[in-house]
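Asker: Sharing start-v4.tsv, TSV, C-alpha atoms:
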```tsv
chain	number	residue	atom	x	y	z
A	1433	LYS	CA	51.56	10.83	128.56
A	1434	GLN	CA	53.60	10.16	131.67
A	1435	GLU	CA	56.80	8.17	131.13
A	1436	VAL	CA	59.10	6.88	133.85
A	1437	THR	CA	62.73	5.99	133.21
A	1438	GLN	CA	65.13	4.24	135.54
A	1439	ILE	CA	68.87	4.30	135.05
A	1440	PRO	CA	70.88	2.13	135.24
A	1441	ALA	CA	68.97	-1.00	134.22
A	1442	ALA	CA	71.38	-3.12	136.26
A	1443	LEU	CA	73.96	-2.40	138.93
A	1444	SER	CA	76.48	-4.58	140.74
A	1445	VAL	CA	78.28	-3.31	143.83
A	1446	PRO	CA	80.41	-4.81	146.61
A	1447	GLU	CA	78.88	-5.20	150.03
A	1448	GLY	CA	79.08	-2.12	152.23
A	1449	GLU	CA	78.92	0.45	149.47
A	1450	ASN	CA	76.45	3.32	149.52
A	1451	LEU	CA	74.53	3.55	146.28
A	1452	VAL	CA	71.99	5.66	144.44
A	1453	LEU	CA	69.27	4.52	142.08
A	1454	ASN	CA	67.75	7.07	139.75
A	1455	CYS	CA	64.23	7.62	138.50
A	1456	SER	CA	63.01	10.34	136.14
A	1457	PHE	CA	59.51	11.21	134.96
A	1458	THR	CA	58.27	13.42	132.15
A	1459	ASP	CA	55.15	15.00	133.68
A	1460	SER	CA	55.93	16.84	136.91
A	1461	ALA	CA	52.25	17.18	137.91
A	1462	ILE	CA	52.38	14.09	140.10
A	1463	TYR	CA	50.32	13.24	143.17
A	1464	ASN	CA	53.00	10.98	144.67
A	1465	LEU	CA	55.96	8.75	143.85
A	1466	GLN	CA	56.56	5.27	145.19
A	1467	TRP	CA	59.60	3.00	145.30
A	1468	PHE	CA	59.05	-0.75	145.24
A	1469	ARG	CA	61.26	-3.78	145.67
A	1470	GLN	CA	60.76	-7.04	143.78
A	1471	ASP	CA	62.59	-10.23	144.65
A	1472	PRO	CA	62.91	-12.90	141.92
A	1473	GLY	CA	59.65	-14.80	141.45
A	1474	LYS	CA	57.81	-12.58	143.93
A	1475	GLY	CA	55.39	-9.69	143.89
A	1476	LEU	CA	56.25	-6.06	144.52
A	1477	THR	CA	56.68	-4.66	148.01
A	1478	SER	CA	56.31	-0.96	148.68
A	1479	LEU	CA	59.42	0.60	150.24
A	1480	LEU	CA	58.73	4.31	150.40
A	1481	LEU	CA	56.01	6.70	149.30
A	1482	ILE	CA	56.69	10.41	148.82
A	1483	GLN	CA	53.77	12.80	148.49
A	1484	SER	CA	54.16	15.63	145.97
A	1485	SER	CA	54.50	18.14	148.81
A	1486	GLN	CA	57.39	16.24	150.40
A	1487	ARG	CA	61.09	16.31	149.56
A	1488	GLU	CA	62.17	12.99	151.03
A	1489	GLN	CA	61.23	9.94	153.03
A	1490	THR	CA	63.43	7.64	155.08
A	1491	SER	CA	63.08	4.06	156.25
A	1492	GLY	CA	66.07	2.45	157.92
A	1493	ARG	CA	68.98	2.44	155.46
A	1494	LEU	CA	66.78	3.73	152.66
A	1495	ASN	CA	66.26	7.35	151.77
A	1496	ALA	CA	64.17	8.52	148.83
A	1497	SER	CA	64.21	12.09	147.58
A	1498	LEU	CA	61.88	13.88	145.21
A	1499	ASP	CA	62.55	16.92	143.03
A	1500	LYS	CA	59.20	17.38	141.34
A	1501	SER	CA	60.18	20.42	139.29
A	1502	SER	CA	63.03	18.58	137.59
A	1503	GLY	CA	61.12	15.31	137.34
A	1504	ARG	CA	63.61	13.28	139.35
A	1505	SER	CA	63.74	10.96	142.32
A	1506	THR	CA	66.62	9.06	143.85
A	1507	LEU	CA	66.69	6.06	146.16
A	1508	TYR	CA	69.75	6.04	148.37
A	1509	ILE	CA	70.77	2.76	150.00
A	1510	ALA	CA	73.35	3.04	152.75
A	1511	ALA	CA	75.84	0.31	153.64
A	1512	SER	CA	74.46	-2.15	151.09
A	1513	GLN	CA	74.07	-5.82	152.02
A	1514	PRO	CA	73.66	-8.98	149.90
A	1515	GLY	CA	70.05	-9.11	151.12
A	1516	ASP	CA	69.42	-5.85	149.27
A	1517	SER	CA	69.85	-7.68	145.96
A	1518	ALA	CA	66.56	-7.29	144.10
A	1519	THR	CA	64.90	-5.22	141.39
A	1520	TYR	CA	63.86	-1.73	142.48
A	1521	LEU	CA	60.99	-0.05	140.68
A	1522	CYS	CA	59.88	3.54	140.73
A	1523	ALA	CA	56.26	4.51	140.03
A	1524	VAL	CA	54.45	7.83	139.84
A	1525	TRP	CA	50.80	8.65	140.35
A	1526	ASN	CA	49.27	11.64	138.59
A	1527	SER	CA	46.11	13.27	139.91
A	1528	GLY	CA	42.67	11.80	139.36
A	1529	ASN	CA	41.86	8.16	138.79
A	1530	THR	CA	44.87	7.48	136.58
A	1531	PRO	CA	46.84	4.35	137.52
A	1532	LEU	CA	50.46	4.25	138.64
A	1533	VAL	CA	53.02	4.52	135.85
A	1534	PHE	CA	56.02	2.26	136.45
A	1535	GLY	CA	59.60	2.39	135.33
A	1536	LYS	CA	61.22	-0.83	134.15
A	1537	GLY	CA	63.34	-1.08	137.27
A	1538	THR	CA	66.98	-1.32	138.26
A	1539	ARG	CA	68.28	-4.81	139.00
A	1540	LEU	CA	70.70	-4.55	141.93
A	1541	SER	CA	73.27	-7.16	142.88
A	1542	VAL	CA	75.24	-6.69	146.09
A	1543	ILE	CA	78.28	-8.97	146.12
A	1544	ALA	CA	79.57	-10.33	149.44
B	113	ASN	CA	44.79	-8.91	157.16
B	114	ALA	CA	45.69	-11.33	154.38
B	115	GLY	CA	46.36	-8.38	152.05
B	116	VAL	CA	46.04	-9.18	148.35
B	117	THR	CA	45.62	-12.84	147.51
B	118	GLN	CA	45.81	-14.47	144.09
B	119	THR	CA	44.92	-17.94	142.89
B	120	PRO	CA	46.22	-20.06	141.34
B	121	LYS	CA	49.98	-19.60	141.80
B	122	PHE	CA	50.82	-21.52	138.64
B	123	ARG	CA	48.81	-22.70	135.64
B	124	ILE	CA	49.51	-24.29	132.29
B	125	LEU	CA	46.89	-23.79	129.59
B	126	LYS	CA	46.54	-25.15	126.10
B	127	ILE	CA	45.97	-22.74	123.23
B	128	GLY	CA	42.29	-21.84	123.01
B	129	GLN	CA	41.42	-22.74	126.59
B	130	SER	CA	39.92	-20.20	128.98
B	131	MET	CA	40.49	-19.52	132.64
B	132	THR	CA	39.85	-17.01	135.38
B	133	LEU	CA	42.59	-15.62	137.59
B	134	GLN	CA	41.23	-14.79	141.01
B	135	CYS	CA	42.21	-11.74	143.06
B	136	ALA	CA	40.86	-10.68	146.43
B	137	GLN	CA	41.79	-8.02	148.98
B	138	ASP	CA	40.60	-7.55	152.54
B	139	MET	CA	41.76	-3.96	153.08
B	140	ASN	CA	38.56	-2.30	151.80
B	141	HIS	CA	40.53	-0.69	148.99
B	142	ASN	CA	38.51	0.96	146.26
B	143	TYR	CA	41.21	0.78	143.55
B	144	MET	CA	42.28	-2.56	142.07
B	145	TYR	CA	44.59	-3.37	139.17
B	146	TRP	CA	45.74	-6.21	136.97
B	147	TYR	CA	49.27	-6.17	135.52
B	148	ARG	CA	51.29	-8.58	133.47
B	149	GLN	CA	55.06	-8.77	133.70
B	150	ASP	CA	57.16	-10.25	130.93
B	151	PRO	CA	60.90	-10.78	131.40
B	152	GLY	CA	62.79	-7.54	130.88
B	153	MET	CA	59.63	-5.69	129.83
B	154	GLY	CA	58.44	-4.18	133.07
B	155	LEU	CA	54.86	-4.09	134.29
B	156	LYS	CA	52.02	-3.50	131.85
B	157	LEU	CA	48.56	-2.55	133.05
B	158	ILE	CA	45.77	-4.75	131.69
B	159	TYR	CA	42.64	-3.45	133.44
B	160	TYR	CA	41.83	-1.46	136.52
B	161	SER	CA	38.84	-0.58	138.66
B	162	VAL	CA	38.16	2.48	140.80
B	163	GLY	CA	35.26	0.88	142.64
B	164	ALA	CA	32.66	-1.85	142.53
B	165	GLY	CA	30.87	-1.85	139.19
B	166	ILE	CA	33.48	0.35	137.48
B	167	THR	CA	36.28	-0.99	135.28
B	168	ASP	CA	38.54	0.54	132.66
B	169	LYS	CA	41.09	-0.64	130.13
B	170	GLY	CA	44.78	-0.28	130.68
B	171	GLU	CA	47.63	-0.50	128.22
B	172	VAL	CA	47.16	-4.12	127.06
B	173	PRO	CA	43.49	-5.20	127.50
B	174	ASN	CA	43.06	-7.33	124.36
B	175	GLY	CA	42.30	-10.97	125.12
B	176	TYR	CA	41.19	-10.25	128.70
B	177	ASN	CA	38.03	-9.33	130.54
B	178	VAL	CA	37.33	-8.22	134.10
B	179	SER	CA	34.42	-7.63	136.41
B	180	ARG	CA	34.12	-5.93	139.81
B	181	SER	CA	30.88	-6.92	141.48
B	182	THR	CA	32.24	-6.45	145.01
B	183	THR	CA	34.86	-4.25	146.63
B	184	GLU	CA	36.92	-7.29	147.59
B	185	ASP	CA	37.14	-9.27	144.35
B	186	PHE	CA	38.56	-8.45	140.93
B	187	PRO	CA	38.79	-11.56	138.71
B	188	LEU	CA	40.62	-11.52	135.36
B	189	ARG	CA	39.21	-13.70	132.61
B	190	LEU	CA	41.32	-15.04	129.73
B	191	GLU	CA	39.30	-16.14	126.74
B	192	LEU	CA	40.90	-18.28	124.01
B	193	ALA	CA	44.38	-18.39	125.53
B	194	ALA	CA	47.31	-17.65	123.19
B	195	PRO	CA	51.07	-18.20	123.67
B	196	SER	CA	51.48	-14.40	123.81
B	197	GLN	CA	49.59	-14.47	127.12
B	198	THR	CA	52.35	-16.47	128.76
B	199	SER	CA	53.42	-14.17	131.56
B	200	VAL	CA	53.32	-13.49	135.28
B	201	TYR	CA	50.13	-11.75	136.34
B	202	PHE	CA	49.96	-9.48	139.35
B	203	CYS	CA	46.92	-8.05	141.05
B	204	ALA	CA	47.25	-4.91	143.17
B	205	SER	CA	45.05	-2.67	145.27
B	206	CYS	CA	45.19	0.68	147.02
B	207	SER	CA	43.08	3.37	148.56
B	208	ARG	CA	43.38	7.13	148.14
B	209	GLY	CA	44.33	9.79	150.62
B	210	GLY	CA	47.73	10.51	152.15
B	211	SER	CA	49.66	7.60	153.62
B	212	THR	CA	47.07	5.09	152.43
B	213	ASP	CA	48.08	5.63	148.81
B	214	THR	CA	50.53	2.74	149.05
B	215	GLN	CA	49.81	0.11	146.42
B	216	TYR	CA	49.82	-3.49	147.64
B	217	PHE	CA	50.59	-6.37	145.32
B	218	GLY	CA	49.61	-10.00	145.36
B	219	PRO	CA	52.22	-12.78	144.96
B	220	GLY	CA	51.42	-13.32	141.29
B	221	THR	CA	50.12	-16.08	139.02
B	222	ARG	CA	52.61	-17.64	136.62
B	223	LEU	CA	50.74	-18.65	133.46
B	224	THR	CA	52.14	-20.69	130.59
B	225	VAL	CA	50.16	-21.19	127.37
B	226	LEU	CA	51.34	-24.07	125.19
```
Please render this file's structure as structure tokens.

Answerer:
Amino acid sequence: KQEVTQIPAALSVPEGENLVLNCSFTDSAIYNLQWFRQDPGKGLTSLLLIQSSQREQTSGRLNASLDKSSGRSTLYIAASQPGDSATYLCAVWNSGNTPLVFGKGTRLSVIA
Amino acid sequence: NAGVTQTPKFRILKIGQSMTLQCAQDMNHNYMYWYRQDPGMGLKLIYYSVGAGITDKGEVPNGYNVSRSTTEDFPLRLELAAPSQTSVYFCASCSRGGSTDTQYFGPGTRLTVL
């Protein structure tokens, strides 16, 4: 059974810092991995999707990497801003009709 | 495109009442999902559907029912509401195949059972 773990559960950093959020998964036979952002009281918004054949994806100040063999992904946020404060969730999709398996998320606070 | 829409946004139920949470998507996605999110507990999958007429149980299906008569709609039915069903409910949809794998979420329904 696929399990997804995100460490740390919460993180507080001063504005301007570069930071890394970690995601690990137990079954490396994944189809893709997605990073989501959730603001308080809101739904989830997809940030980046990495296919199993890819090593990384970039969008603006965000860069997500994937090391399938070791069961790890990282989300790198450059020059953090208070507007980046949110919960970030990682989810993996195994082959077939299986649903996404989510981690519990990392709650990020960027302090001005 | 409106994306994934959910109604209602908020609802308070009394114990034993029933209700249907509505979910619709206009992206012609074949996969649809219902999750519940409790504080500090992450997302838990209730039911999902891989196409019209096909549904399957997720991690926490007890106390809920679903149907998928059309591609667009995936309602979630709560029968005999219990306080343990107090939660935020999210509907999501996606397609399959390369860049279209992205899963889209609705804004959620906040349900309180008293």

Asker: Using only C-alpha atoms, which of A:Asn1450, A:Ser1517, A:Gln1483, A:Ser1501 sits nearest chain B?

Answerer: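 Distance minimum relative to chain B lands on A:Gln1483.
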
Asker: Under the rule of at most 6 Å, produce a per-residue listing of chain B near chain A: chain, number, name, the closest pair of atoms, and the distance in Å, as a tab-separated table, using all atoms listed in the file.

Answerer:
```
residue	atom	partner	partner_atom	distance
B:Gly154	CA	A:Lys1536	CA	4.5
B:Phe217	CA	A:Leu1476	CA	5.7
B:Gly218	CA	A:Gly1475	CA	6.0
B:Pro219	CA	A:Gly1475	CA	4.6
B:Gly220	CA	A:Gly1475	CA	6.0
```

Asker: In Å to one decimal, how far is CA of Phe1457 (chain A) from CA of Cys1522 (chain A)?

Answerer: 9.6 Å

Asker: Grab the CA of Thr214 (chain B) to CA of Leu133 (chain B) distance for me, in Å with one decimal place.

Answerer: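 So the answer is 23.1 Å.
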
Asker: Need the neighbours of (64.5, -9.8, 144.3): which residues are at most 7 Å away, counting only C-alpha atoms, as a ChimeraX atom specification?

Answerer: /A:1469-1472,1517-1519

Asker: Print the selection's residues with C-alpha atoms to a file, as a compact mmCIF listing (two decimals), keeping the file's coordinate frame.

Answerer:
```
# COMPACT_ATOMS: atom_id res chain seq x y z
CA ARG A 1469 61.26 -3.78 145.67
CA GLN A 1470 60.76 -7.04 143.78
CA ASP A 1471 62.59 -10.23 144.65
CA PRO A 1472 62.91 -12.90 141.92
CA SER A 1517 69.85 -7.68 145.96
CA ALA A 1518 66.56 -7.29 144.10
CA THR A 1519 64.90 -5.22 141.39
```

Asker: Scan for residues within 10 Å of the point (77.4, -10.4, 145.8) in the coordinates of the file, using all atoms listed in the file, and reply as a count of residues only.

Answerer: 14

Asker: Could the centre and edge lengths of an axis-aligned box, enclosing all atoms of region 1458-1476 of chain A in the file with 3 Å extra on each side, be given in Å to one decimal as JSON?

Answerer:
```
{"center_x": 56.6, "center_y": 1.2, "center_z": 138.9, "size_x": 18.6, "size_y": 38.0, "size_z": 19.5}
```

Asker: Report, in Å with one decimal, the straight-line distance from CA of Val162 (chain B) to CA of Ser179 (chain B).

Answerer: 11.6 Å

Asker: Point out the residue among B:Thr221, B:Asn177, B:Thr183, B:Gln149 with the least atom-to-atom distance to Ala164 (chain B), counting only C-alpha atoms.

Answerer: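 Of B:Thr221, B:Asn177, B:Thr183, B:Gln149, the one nearest Ala164 (chain B), counting only C-alpha atoms, is B:Thr183.
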
Asker: Pick out the closest residue to Val200 (chain B) from this set: B:Leu223, B:Leu155, B:Gln118, B:Gly175. Count all atoms listed in the file.

Answerer: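 Smallest separation from Val200 (chain B) among the options: B:Leu223.
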
Asker: N, CA and C atoms are needed for region 191-204 of chain B; please write them out as a PDB file, keeping the file's coordinate frame.

Answerer:
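The new file out.pdb reads:
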```pdb
ATOM      1  N   GLU B 191      40.087 -15.384 127.700  1.00  0.00           N
ATOM      2  CA  GLU B 191      39.300 -16.140 126.740  1.00  0.00           C
ATOM      3  C   GLU B 191      40.217 -16.556 125.598  1.00  0.00           C
ATOM      4  N   LEU B 192      40.129 -17.799 125.162  1.00  0.00           N
ATOM      5  CA  LEU B 192      40.900 -18.280 124.010  1.00  0.00           C
ATOM      6  C   LEU B 192      42.391 -17.978 124.191  1.00  0.00           C
ATOM      7  N   ALA B 193      42.992 -18.652 125.175  1.00  0.00           N
ATOM      8  CA  ALA B 193      44.380 -18.390 125.530  1.00  0.00           C
ATOM      9  C   ALA B 193      45.316 -18.541 124.329  1.00  0.00           C
ATOM     10  N   ALA B 194      46.297 -17.642 124.264  1.00  0.00           N
ATOM     11  CA  ALA B 194      47.310 -17.650 123.190  1.00  0.00           C
ATOM     12  C   ALA B 194      48.688 -17.653 123.831  1.00  0.00           C
ATOM     13  N   PRO B 195      49.704 -18.177 123.115  1.00  0.00           N
ATOM     14  CA  PRO B 195      51.070 -18.200 123.670  1.00  0.00           C
ATOM     15  C   PRO B 195      51.554 -16.808 124.101  1.00  0.00           C
ATOM     16  N   SER B 196      51.067 -15.761 123.456  1.00  0.00           N
ATOM     17  CA  SER B 196      51.480 -14.400 123.810  1.00  0.00           C
ATOM     18  C   SER B 196      50.993 -13.993 125.202  1.00  0.00           C
ATOM     19  N   GLN B 197      50.086 -14.763 125.770  1.00  0.00           N
ATOM     20  CA  GLN B 197      49.590 -14.470 127.120  1.00  0.00           C
ATOM     21  C   GLN B 197      50.400 -15.182 128.204  1.00  0.00           C
ATOM     22  N   THR B 198      51.418 -15.905 127.794  1.00  0.00           N
ATOM     23  CA  THR B 198      52.350 -16.470 128.760  1.00  0.00           C
ATOM     24  C   THR B 198      53.056 -15.336 129.482  1.00  0.00           C
ATOM     25  N   SER B 199      52.901 -15.302 130.807  1.00  0.00           N
ATOM     26  CA  SER B 199      53.420 -14.170 131.560  1.00  0.00           C
ATOM     27  C   SER B 199      53.190 -14.427 133.053  1.00  0.00           C
ATOM     28  N   VAL B 200      53.657 -13.496 133.856  1.00  0.00           N
ATOM     29  CA  VAL B 200      53.320 -13.490 135.280  1.00  0.00           C
ATOM     30  C   VAL B 200      52.306 -12.375 135.497  1.00  0.00           C
ATOM     31  N   TYR B 201      51.206 -12.704 136.137  1.00  0.00           N
ATOM     32  CA  TYR B 201      50.130 -11.750 136.340  1.00  0.00           C
ATOM     33  C   TYR B 201      50.063 -11.331 137.803  1.00  0.00           C
ATOM     34  N   PHE B 202      50.035 -10.018 138.007  1.00  0.00           N
ATOM     35  CA  PHE B 202      49.960  -9.480 139.350  1.00  0.00           C
ATOM     36  C   PHE B 202      48.682  -8.665 139.517  1.00  0.00           C
ATOM     37  N   CYS B 203      48.043  -8.858 140.642  1.00  0.00           N
ATOM     38  CA  CYS B 203      46.920  -8.050 141.050  1.00  0.00           C
ATOM     39  C   CYS B 203      47.400  -7.090 142.134  1.00  0.00           C
ATOM     40  N   ALA B 204      46.842  -5.898 142.175  1.00  0.00           N
ATOM     41  CA  ALA B 204      47.250  -4.910 143.170  1.00  0.00           C
ATOM     42  C   ALA B 204      46.025  -4.119 143.615  1.00  0.00           C
TER      43      ALA B 204
END
```
